[in-house]
$ cat work.txt   # compact mmCIF, C-alpha atoms and all ligand atoms
# COMPACT_ATOMS: atom_id res chain seq x y z
CA MET M 1 0.00 0.00 0.00
CA ALA M 2 1.30 3.38 -0.98
CA PHE M 3 2.09 5.96 1.67
CA PHE M 4 -0.53 8.27 0.19
CA PRO M 5 -2.97 6.30 -1.96
CA TRP M 6 -4.92 8.34 -4.49
CA GLU M 7 -8.63 8.17 -3.85
CA ASP M 8 -11.68 9.29 -5.80
CA ARG M 9 -12.75 11.57 -3.01
CA TYR M 10 -9.81 13.83 -3.89
CA ARG M 11 -11.38 14.66 -7.25
CA ILE M 12 -12.75 18.17 -7.41
CA GLY M 13 -14.38 17.72 -10.81
CA VAL M 14 -11.94 19.77 -12.88
CA ASP M 15 -10.01 17.26 -14.97
CA ARG M 16 -6.80 19.19 -15.49
CA ILE M 17 -6.53 19.96 -11.78
CA ASP M 18 -7.42 16.41 -10.75
CA LEU M 19 -4.66 15.08 -12.98
CA GLN M 20 -2.14 17.48 -11.46
CA HIS M 21 -3.21 16.50 -7.95
CA GLU M 22 -2.80 12.86 -8.82
CA LYS M 23 0.68 13.57 -10.09
CA LEU M 24 1.51 15.54 -6.92
CA VAL M 25 0.36 12.65 -4.77
CA GLY M 26 2.57 10.36 -6.87
CA LEU M 27 5.59 12.63 -6.36
CA LEU M 28 4.95 12.66 -2.64
CA ASN M 29 4.89 8.87 -2.64
CA ASP M 30 8.22 8.92 -4.50
CA LEU M 31 9.65 11.26 -1.88
CA TYR M 32 8.41 9.06 0.93
CA GLU M 33 9.93 6.01 -0.68
CA ALA M 34 13.25 7.72 -1.39
CA MET M 35 13.42 8.88 2.23
CA HIS M 36 12.54 5.53 3.67
CA ALA M 37 14.74 3.52 1.39
CA GLY M 38 17.57 5.63 2.81
CA GLU M 39 18.58 6.64 -0.70
CA GLY M 40 21.61 8.83 -1.09
CA ARG M 41 21.49 12.60 -0.83
CA GLU M 42 21.67 12.98 -4.58
CA ALA M 43 18.63 10.83 -5.29
CA LEU M 44 16.68 12.36 -2.46
CA GLY M 45 17.64 15.86 -3.61
CA ARG M 46 16.38 15.10 -7.09
CA VAL M 47 13.01 13.92 -5.84
CA LEU M 48 12.68 16.88 -3.51
CA THR M 49 13.56 19.36 -6.26
CA GLY M 50 11.08 17.71 -8.63
CA LEU M 51 8.35 17.93 -6.03
CA THR M 52 9.11 21.57 -5.20
CA ARG M 53 9.00 22.51 -8.88
CA TYR M 54 5.80 20.70 -9.52
CA VAL M 55 4.14 22.30 -6.50
CA ARG M 56 4.95 25.73 -7.94
CA THR M 57 3.78 24.80 -11.43
CA HIS M 58 0.55 23.47 -10.04
CA PHE M 59 -0.11 26.50 -7.84
CA SER M 60 0.49 28.87 -10.78
CA PHE M 61 -1.85 26.84 -12.92
CA GLU M 62 -4.65 26.99 -10.37
CA GLU M 63 -4.10 30.69 -9.73
CA GLN M 64 -4.19 31.47 -13.44
CA MET M 65 -7.44 29.55 -13.79
CA MET M 66 -8.93 31.35 -10.78
CA ARG M 67 -8.04 34.71 -12.29
CA GLU M 68 -9.50 33.79 -15.67
CA ARG M 69 -12.74 32.70 -14.09
CA GLY M 70 -13.03 35.64 -11.72
CA TYR M 71 -13.07 33.38 -8.67
CA PRO M 72 -14.04 35.42 -5.58
CA GLY M 73 -11.93 33.26 -3.24
CA PHE M 74 -8.77 33.93 -5.22
CA SER M 75 -6.76 36.03 -2.71
CA ALA M 76 -7.38 33.75 0.23
CA HIS M 77 -6.53 30.71 -1.86
CA ARG M 78 -3.37 32.28 -3.21
CA GLU M 79 -2.26 33.15 0.32
CA LYS M 80 -2.49 29.48 1.26
CA HIS M 81 -0.36 28.61 -1.76
CA GLU M 82 2.22 31.23 -0.85
CA LYS M 83 2.48 30.01 2.71
CA MET M 84 2.95 26.44 1.50
CA THR M 85 5.52 27.48 -1.12
CA ARG M 86 7.59 29.13 1.62
CA LYS M 87 7.32 26.02 3.76
CA VAL M 88 8.38 23.71 0.92
CA MET M 89 11.31 26.01 0.17
CA GLU M 90 12.33 25.90 3.83
CA ILE M 91 12.37 22.12 3.69
CA GLN M 92 14.45 22.25 0.52
CA GLU M 93 16.88 24.74 2.05
CA ALA M 94 17.23 22.69 5.22
CA PHE M 95 18.02 19.71 3.06
CA GLU M 96 20.60 21.63 1.04
CA LYS M 97 22.28 22.96 4.17
CA GLU M 98 22.44 19.37 5.37
CA GLU M 99 20.35 20.14 8.40
CA ILE M 100 18.69 17.13 9.86
CA ILE M 101 15.23 16.72 8.49
CA SER M 102 12.97 13.97 9.68
CA PRO M 103 11.61 11.94 6.78
CA VAL M 104 8.54 10.94 8.74
CA GLN M 105 7.80 14.50 9.76
CA VAL M 106 8.35 15.95 6.29
CA SER M 107 6.26 13.29 4.51
CA ASN M 108 3.44 13.47 7.02
CA PHE M 109 3.41 17.24 6.96
CA LEU M 110 3.20 17.38 3.15
CA LYS M 111 0.57 14.66 3.02
CA GLY M 112 -1.58 16.30 5.69
CA TRP M 113 -1.35 19.69 4.02
CA LEU M 114 -2.16 18.38 0.56
CA GLN M 115 -5.12 16.32 1.74
CA LYS M 116 -6.62 19.21 3.63
CA HIS M 117 -5.94 21.70 0.86
CA ILE M 118 -7.51 19.52 -1.84
CA LEU M 119 -10.52 18.49 0.21
CA GLU M 120 -11.29 21.95 1.54
CA THR M 121 -9.70 24.75 -0.44
CA ASP M 122 -9.38 23.30 -3.94
CA ARG M 123 -12.77 21.64 -3.59
CA LYS M 124 -14.40 25.07 -3.20
CA PHE M 125 -12.85 26.22 -6.45
CA GLY M 126 -13.96 22.97 -8.12
CA ASP M 127 -17.52 23.58 -6.98
CA PHE M 128 -17.34 27.12 -8.30
CA CYS M 129 -16.14 25.88 -11.72
CA GLN M 130 -18.88 23.27 -11.91
CA ALA M 131 -21.52 25.83 -11.02
CA GLN M 132 -20.19 28.05 -13.83
CA GLU M 133 -20.53 25.34 -16.44
FE FE N 1 -4.33 22.14 -5.93
FE FE N 2 -4.91 25.14 -4.41

$ encode --input "work.txt" --output "structure tokens" --more "lines below"
Ligand SMILES: [Fe+2]
Ligand SMILES: [Fe+2]
Amino acid sequence: MAFFPWEDRYRIGVDRIDLQHEKLVGLLNDLYEAMHAGEGREALGRVLTGLTRYVRTHFSFEEQMMRERGYPGFSAHREKHEKMTRKVMEIQEAFEKEEIISPVQVSNFLKGWLQKHILETDRKFGDFCQAQE
């Protein structure tokens, strides 16, 4: 069983976003596995960098779509993205500075955040899009 199995309840009804979320969940599983397999710094760094990049790509995509659709919850949603981006960058920096980061803590934190964000915050935008169509 994967660390973070993808489930139908994570779908918000916007295909392009659902696909990106599924990919994010997959990257988080890769990170978890790399951390737990005790893979070398290089491999772990690659996975972490890939995840960080994809998080930013995904956030920009959602924000662009919210702007295009005139979503009223845009600012509050973007603030959540910004806060998370800072947090992910902190994790990346800590890793680069060779500070001790706990794999369990990092994986659980990212999983918890993503689950909550998809189910609560992204879901609201999904509902808004569906109501528009
Ligand atoms: Fe999202
Ligand atoms: Fe979002």

$ closest_residue --input "work.txt" --among "M:Tyr10, M:Tyr71, M:Phe109, M:Phe95" --to "ligand FE 1 (chain N)" --atoms "all atoms listed in the file"
M:Tyr10

$ residues_near_ligand --input "work.txt" --ligand "ligand FE 1 (chain N)" --cutoff "8 Å" --atoms "all atoms listed in the file" --output "list in words"
Ile17, Gln20, His21, His58, Phe59, Glu62, Leu114, His117, Ile118 and Asp122 of chain M

$ atom_distance --input "work.txt" --atom1 "atom CA of Phe128 of chain M" --atom2 "atom CA of Glu79 of chain M"
18.4 Å

$ residues_around --input "work.txt" --residues "Leu28 of chain M" --least-positions-apart "3" --cutoff "9 Å" --atoms "all atoms listed in the file" --output "list in words"
Phe3, Phe4, Lys23, Leu24, Val25, Leu31, Tyr32, Glu33, Val47, Leu48, Leu51, Ser107, Leu110 and Lys111 of chain M

$ residues_near_ligand --input "work.txt" --ligand "ligand FE 2 (chain N)" --cutoff "12 Å" --atoms "only C-alpha atoms and all ligand atoms" --output "number ranges by chain"
M: 12, 17-18, 20-21, 24, 55-66, 73-85, 113-126

$ atom_distance --input "work.txt" --atom1 "atom CA of Gln92 of chain M" --atom2 "atom CA of Ala37 of chain M"
18.8 Å

$ residues_around --input "work.txt" --residues "Arg41 of chain M" --least-positions-apart "5" --cutoff "10 Å" --atoms "all atoms listed in the file" --output "PyMOL selection string"
chain M and resi 34-35+46-47+95-96+98

$ atom_distance --input "work.txt" --atom1 "atom CA of Pro103 of chain M" --atom2 "atom CA of His36 of chain M"
7.2 Å

$ closest_residue --input "work.txt" --among "M:Cys129, M:Arg86, M:Leu44, M:Asp15" --to "Ile101 of chain M" --atoms "all atoms listed in the file"
M:Leu44

$ closest_residue --input "work.txt" --among "M:Thr52, M:Ile91, M:Gln132, M:Trp6" --to "Asn29 of chain M" --atoms "all atoms listed in the file"
M:Trp6

$ build_atoms --input "work.txt" --residues "segment 96-119 of chain M" --atoms "N, CA and C atoms" --output "mmCIF file, keeping the file's coordinate frame"
data_model
loop_
_atom_site.group_PDB
_atom_site.id
_atom_site.type_symbol
_atom_site.label_atom_id
_atom_site.label_comp_id
_atom_site.auth_asym_id
_atom_site.auth_seq_id
_atom_site.Cartn_x
_atom_site.Cartn_y
_atom_site.Cartn_z
ATOM 1 N N GLU M 96 19.363 21.204 1.707
ATOM 2 C CA GLU M 96 20.600 21.630 1.040
ATOM 3 C C GLU M 96 21.705 22.011 2.021
ATOM 4 N N LYS M 97 21.299 22.577 3.156
ATOM 5 C CA LYS M 97 22.280 22.960 4.170
ATOM 6 C C LYS M 97 22.689 21.770 5.033
ATOM 7 N N GLU M 98 22.169 20.617 4.660
ATOM 8 C CA GLU M 98 22.440 19.370 5.370
ATOM 9 C C GLU M 98 21.989 19.408 6.812
ATOM 10 N N GLU M 99 20.934 20.179 7.061
ATOM 11 C CA GLU M 99 20.350 20.140 8.400
ATOM 12 C C GLU M 99 19.560 18.850 8.491
ATOM 13 N N ILE M 100 19.412 18.396 9.713
ATOM 14 C CA ILE M 100 18.690 17.130 9.860
ATOM 15 C C ILE M 100 17.208 17.366 9.634
ATOM 16 N N ILE M 101 16.669 16.658 8.657
ATOM 17 C CA ILE M 101 15.230 16.720 8.490
ATOM 18 C C ILE M 101 14.661 15.321 8.675
ATOM 19 N N SER M 102 13.564 15.274 9.403
ATOM 20 C CA SER M 102 12.970 13.970 9.680
ATOM 21 C C SER M 102 12.073 13.543 8.532
ATOM 22 N N PRO M 103 12.411 12.416 7.896
ATOM 23 C CA PRO M 103 11.610 11.940 6.780
ATOM 24 C C PRO M 103 10.142 11.754 7.140
ATOM 25 N N VAL M 104 9.920 11.208 8.333
ATOM 26 C CA VAL M 104 8.540 10.940 8.740
ATOM 27 C C VAL M 104 7.789 12.256 8.888
ATOM 28 N N GLN M 105 8.443 13.210 9.546
ATOM 29 C CA GLN M 105 7.800 14.500 9.760
ATOM 30 C C GLN M 105 7.512 15.215 8.444
ATOM 31 N N VAL M 106 8.505 15.244 7.563
ATOM 32 C CA VAL M 106 8.350 15.950 6.290
ATOM 33 C C VAL M 106 7.246 15.298 5.455
ATOM 34 N N SER M 107 7.284 13.974 5.319
ATOM 35 C CA SER M 107 6.260 13.290 4.510
ATOM 36 C C SER M 107 4.870 13.480 5.087
ATOM 37 N N ASN M 108 4.774 13.330 6.400
ATOM 38 C CA ASN M 108 3.440 13.470 7.020
ATOM 39 C C ASN M 108 2.923 14.888 6.922
ATOM 40 N N PHE M 109 3.827 15.848 7.072
ATOM 41 C CA PHE M 109 3.410 17.240 6.960
ATOM 42 C C PHE M 109 2.862 17.519 5.558
ATOM 43 N N LEU M 110 3.615 17.113 4.526
ATOM 44 C CA LEU M 110 3.200 17.380 3.150
ATOM 45 C C LEU M 110 1.889 16.659 2.821
ATOM 46 N N LYS M 111 1.784 15.426 3.274
ATOM 47 C CA LYS M 111 0.570 14.660 3.020
ATOM 48 C C LYS M 111 -0.641 15.327 3.687
ATOM 49 N N GLY M 112 -0.478 15.670 4.949
ATOM 50 C CA GLY M 112 -1.580 16.300 5.690
ATOM 51 C C GLY M 112 -2.006 17.605 5.043
ATOM 52 N N TRP M 113 -1.023 18.402 4.638
ATOM 53 C CA TRP M 113 -1.350 19.690 4.020
ATOM 54 C C TRP M 113 -2.099 19.472 2.705
ATOM 55 N N LEU M 114 -1.580 18.592 1.887
ATOM 56 C CA LEU M 114 -2.160 18.380 0.560
ATOM 57 C C LEU M 114 -3.591 17.830 0.662
ATOM 58 N N GLN M 115 -3.776 16.879 1.553
ATOM 59 C CA GLN M 115 -5.120 16.320 1.740
ATOM 60 C C GLN M 115 -6.111 17.399 2.125
ATOM 61 N N LYS M 116 -5.731 18.174 3.129
ATOM 62 C CA LYS M 116 -6.620 19.210 3.630
ATOM 63 C C LYS M 116 -6.878 20.274 2.563
ATOM 64 N N HIS M 117 -5.810 20.645 1.866
ATOM 65 C CA HIS M 117 -5.940 21.700 0.860
ATOM 66 C C HIS M 117 -6.850 21.249 -0.303
ATOM 67 N N ILE M 118 -6.665 20.023 -0.746
ATOM 68 C CA ILE M 118 -7.510 19.520 -1.840
ATOM 69 C C ILE M 118 -8.960 19.402 -1.382
ATOM 70 N N LEU M 119 -9.160 18.772 -0.237
ATOM 71 C CA LEU M 119 -10.520 18.490 0.210
ATOM 72 C C LEU M 119 -11.288 19.735 0.624
#
